[in-house]
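Here's the structure we're looking at; comments come further down.
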Amino acid sequence: MIYFDNCATTKPDPAVLSTYTKINEEFYFNAASPHKMGLETNQLQEEARSQIRTILKLDHQSIIFTSGATESNNMALTGMARAKKAFGSTIITTKLEHPSVLETLRTLEQEGFVVKYVKFKEDGTMDMDHFAELLSNDVILVSVMHVNNVMGAILPISEIAERLKDYPKIHFHVDCVQSFGKMPLVIEGVDSFSLSGHKFGGLKGQGILVISQLRNITQTIFGGGQEYGYRSGTSNVAVNVTMSKAMRLASENMDMQRARLYQFKQDIENFVKQFPGIRLNSHPNGAPHIVNFSFVGIKGEVIVNAFSERGIMISTTSACSSKRAKLNETLTALHVPEDAITGSVRVSFSKDNTVEEIAGFKAAFKEIYSQVEELLKK
Ligand code: PMP
């Protein structure tokens with residue numbers, strides 16, 4: 001089996017799995033218990049938090065352990081919008097965001113907030129002039145992802161942060177799920193960001209929210225007061241400790257890994273674009289681990305199945321958004337033509353992939369192409 005759907009999830013690192021088991025066996029205690037074992041369990045978790053702080057080179061920010069980026073995004077956006085209601089009601093985002101951002105903002109619209117979407121230019125870059133036009137004294141929140149999970153587009157986080165310097169009231173949230181471990185994070189001028197462990201060799205149900213003004217956000221989960229009172233519920237210490245482990249492993253040799261992933265990406269992009277009827281959607285300067293292309297005129301699902309039958313796992317869209325509409329929104333916002341949208345597929349790599357697998361993909365591609373060639377719009 002060749003696994004090229006690493007944007008959906010990655011294989012957990014064996015070291016993460018063994019640490020997870022060890023902690024569950026030896027430190028299964030409640031981190032809030034007052035006895036010796038509870039205190040030791042708590043200490044383990046706090047050490048993990050401080051390691052994450054070091055890995056991310058954080059300064060004053062707080063780290064909240066969550067069940068993943070969906071929860072982190074929900075918590076940051078809802079908590080911050082509600083906290084800032086007195087100052088304004090406009091939120092700026094993009095059509096490229098993950099449903100955990102877009103659906104949260106849709107819910108906030110029902111509470112009276114107004115959501116505005118920044119446009120993208122024909123070349124797929126964010127229209128910073130349009131962004132500047134949307135900025136006003138009524139804006140309280142800007143939420144933009146670092147790397148898009150469908151196309152691999154890299155959004156201009158530093159540039160946005162720079163523009164926001166003139167608006168100190170605005171909270172800037174970044175979804176860093178697809179960038180961590182693949183490229184350096186941009187955190188200067190960012191007020192909060194989300195990570196998800198299972199996207200870089202960690203576990204499902206494992207994430208963090210990093211936030212600079214924790215005390216200013218409205219609580220959204222109530223209970224026993226864990227995670228500084230912002231995320232109640234008995235701490236999942238084994239999950240939280242292995243988050244730090246997965247982050248450390250993903251950060252080690254990141255530059256080397258990134259270069260390797262870029263090579264895979266360039267190799268596949270240069271290969272597929274030679275074939276008439278194939279449209280390359282991802283940008284050569286996009287994220288190193290994501291390739292998106294279309295079999296123009298053929299449904300993406302048919303292509304995914306054809307690869308799947310040959311033991312190669314790729315994807316039509318983000319697995320968490322079975323709704324085709326979300327994919328259409330992202331690709332439409334990035335000016336991909338309609339017949340190419342339907343036929344688009346995503347190939348995404350991790351550090352576990354090999355050159356031999358790339359060769360296997362190319363051989364399968366040739367076979368599939370020759371079978372469907374007649375049907376392609378060239
Ligand atoms: N944001 C992005 C960009 C994602 O790709 C994903 C996962 N598909 C999420 C958020 C949600 O992460 P999780 O699965 O950890 O909730």
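In the structure tokens, chains take letters A, B, ... by order of appearance, with residues numbered from 1 within each chain and ligands from 1 in the order shown.
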
- Task: Would you mind listing the residues within 6 Å of ligand 1, counting only C-alpha atoms and all ligand atoms, as a PyMOL selection string?
- Result: chain A and resi 8+68-70+98+148-149+175+177-178+196+320

Go ahead and dump the residues you just picked, N, CA and C atoms, as a PDB file, in the first residue's frame.
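Result saved to part.pdb:
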ATOM      1  N   ALA A   8      -4.866  14.211   5.278  1.00  0.00           N
ATOM      2  CA  ALA A   8      -6.030  13.745   6.046  1.00  0.00           C
ATOM      3  C   ALA A   8      -5.576  13.290   7.419  1.00  0.00           C
ATOM      4  N   GLY A  68      -7.756  18.537  19.488  1.00  0.00           N
ATOM      5  CA  GLY A  68      -7.374  18.692  18.081  1.00  0.00           C
ATOM      6  C   GLY A  68      -7.675  20.097  17.605  1.00  0.00           C
ATOM      7  N   ALA A  69      -7.373  20.320  16.343  1.00  0.00           N
ATOM      8  CA  ALA A  69      -7.501  21.688  15.833  1.00  0.00           C
ATOM      9  C   ALA A  69      -8.957  22.131  15.690  1.00  0.00           C
ATOM     10  N   THR A  70      -9.876  21.183  15.506  1.00  0.00           N
ATOM     11  CA  THR A  70     -11.280  21.584  15.418  1.00  0.00           C
ATOM     12  C   THR A  70     -11.681  22.281  16.711  1.00  0.00           C
ATOM     13  N   HIS A  98     -10.660  25.774   6.774  1.00  0.00           N
ATOM     14  CA  HIS A  98     -11.214  24.465   7.120  1.00  0.00           C
ATOM     15  C   HIS A  98     -12.618  24.652   7.718  1.00  0.00           C
ATOM     16  N   ASN A 148      -3.168  25.967   3.084  1.00  0.00           N
ATOM     17  CA  ASN A 148      -4.468  25.379   2.757  1.00  0.00           C
ATOM     18  C   ASN A 148      -4.349  23.879   2.541  1.00  0.00           C
ATOM     19  N   ASN A 149      -5.293  23.132   3.126  1.00  0.00           N
ATOM     20  CA  ASN A 149      -5.231  21.676   3.117  1.00  0.00           C
ATOM     21  C   ASN A 149      -5.676  21.040   1.802  1.00  0.00           C
ATOM     22  N   ASP A 175      -4.673  29.123  11.659  1.00  0.00           N
ATOM     23  CA  ASP A 175      -4.775  27.667  11.684  1.00  0.00           C
ATOM     24  C   ASP A 175      -3.467  27.146  11.057  1.00  0.00           C
ATOM     25  N   VAL A 177      -2.371  24.009  11.142  1.00  0.00           N
ATOM     26  CA  VAL A 177      -2.432  22.546  11.094  1.00  0.00           C
ATOM     27  C   VAL A 177      -1.576  21.944   9.988  1.00  0.00           C
ATOM     28  N   GLN A 178      -1.637  22.528   8.799  1.00  0.00           N
ATOM     29  CA  GLN A 178      -0.936  21.903   7.676  1.00  0.00           C
ATOM     30  C   GLN A 178       0.490  22.411   7.514  1.00  0.00           C
ATOM     31  N   SER A 196      -2.584  20.319  15.304  1.00  0.00           N
ATOM     32  CA  SER A 196      -3.233  19.031  15.489  1.00  0.00           C
ATOM     33  C   SER A 196      -2.187  17.924  15.347  1.00  0.00           C
ATOM     34  N   CYS A 320     -12.234  15.446   6.050  1.00  0.00           N
ATOM     35  CA  CYS A 320     -13.204  15.916   7.044  1.00  0.00           C
ATOM     36  C   CYS A 320     -14.333  16.696   6.399  1.00  0.00           C
TER      37      CYS A 320
END

- Message: Would you pick out the contacts of region 233-244 of chain A at 9 Å or less, using only C-alpha atoms, so that residues sharing its chain but fewer than 5 positions from it are not included, and give the list as a PyMOL selection string?
- Response: chain A and resi 15-17+19-24+27-32+41-42+44-52+55+65-67+196-198+202-203+205-208+221-227+249

- Query: Which value, in Å to one decimal, gives the distance between CA of Glu252 (chain A) and CA of Leu56 (chain A)?
  - Reply: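 Answer for the CA of Glu252 (chain A) to CA of Leu56 (chain A) separation: 12.4 Å.
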
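Atom pair CA of Pro168 (chain A) / CA of Ser62 (chain A) has a distance of 19.2 Å (rounded to one decimal).
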
- Could you pull out the strand (DSSP E or B) residues of region 137-346 of chain A from DSSP and send them as a PyMOL selection string? chain A and resi 139-145+147+154+171-175+192-196+207-211+278-280+290-295+312-313+315+344-346

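Proximity ranking of A:Glu374, A:Asp127, A:Glu122, A:Glu133 relative to Leu334 (chain A) places A:Glu122 first, based on only C-alpha atoms.
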
- Task: Go through A:Lys169, A:Lys85, A:Lys11, A:His289 and flag the residue nearest Ile268 (chain A), using only C-alpha atoms for the distances.
- Result: A:His289

- Query: Looking at only C-alpha atoms, which of A:Gly229, A:Phe275, A:Ser344, A:Lys57 is the one that sits closest to Val302 (chain A)?
  - Reply: A:Ser344

- Task: Determine, counting only C-alpha atoms, which protein, DNA and RNA residues have an atom within 10 Å of an atom of Val272 (chain A); residues of the same chain fewer than 3 positions away are not included. Present the result as a ChimeraX atom specification.
- Result: /A:267-269,275-280,293-295,362,365-366,369

- Item | Residues near Ala306 (chain A), cut-off 9 Å, only C-alpha atoms, skip fewer than 6 positions along chain, as JSON, numbers by chain | {"A": [312, 364, 368]}

Serialized selection, all heavy atoms, as a short mmCIF file (atom, residue, chain, number, x, y, z; two decimals), in the first residue's frame:
data_model
loop_
_atom_site.label_atom_id
_atom_site.label_comp_id
_atom_site.auth_asym_id
_atom_site.auth_seq_id
_atom_site.Cartn_x
_atom_site.Cartn_y
_atom_site.Cartn_z
N ILE A 312 -2.98 2.54 -4.07
CA ILE A 312 -2.43 3.88 -3.79
C ILE A 312 -3.54 4.79 -3.27
O ILE A 312 -4.56 4.98 -3.93
CB ILE A 312 -1.80 4.49 -5.07
CG1 ILE A 312 -0.68 3.57 -5.57
CG2 ILE A 312 -1.26 5.90 -4.79
CD1 ILE A 312 -0.07 3.96 -6.89
N ALA A 364 1.28 3.82 -11.91
CA ALA A 364 -0.17 3.68 -11.81
C ALA A 364 -0.86 4.81 -12.58
O ALA A 364 -1.86 4.59 -13.28
CB ALA A 364 -0.59 3.72 -10.34
N ILE A 368 -3.70 4.45 -15.53
CA ILE A 368 -5.03 5.05 -15.38
C ILE A 368 -5.27 6.05 -16.51
O ILE A 368 -6.33 6.09 -17.13
CB ILE A 368 -5.17 5.72 -13.99
CG1 ILE A 368 -5.10 4.66 -12.89
CG2 ILE A 368 -6.48 6.51 -13.87
CD1 ILE A 368 -4.89 5.19 -11.49
#

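Checking A:Thr107, A:Gln61, A:Asn216, A:Ser143 one by one against Lys84 (chain A), counting only C-alpha atoms, you find the shortest gap at A:Asn216.
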
- Task: Would you please work out which residue, of A:Pro284, A:Gly152, A:Gly79, A:Pro14, is nearest to Met183 (chain A) when using only C-alpha atoms?
- Result: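 Ranked by minimum distance to Met183 (chain A), first place goes to A:Gly152.
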
- Item | Straight-line distance linking CA of Arg346 (chain A) with CA of Pro12 (chain A), stated in Å to one decimal |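 Atom-to-atom, CA of Arg346 (chain A) and CA of Pro12 (chain A) are spaced 20.9 Å apart.
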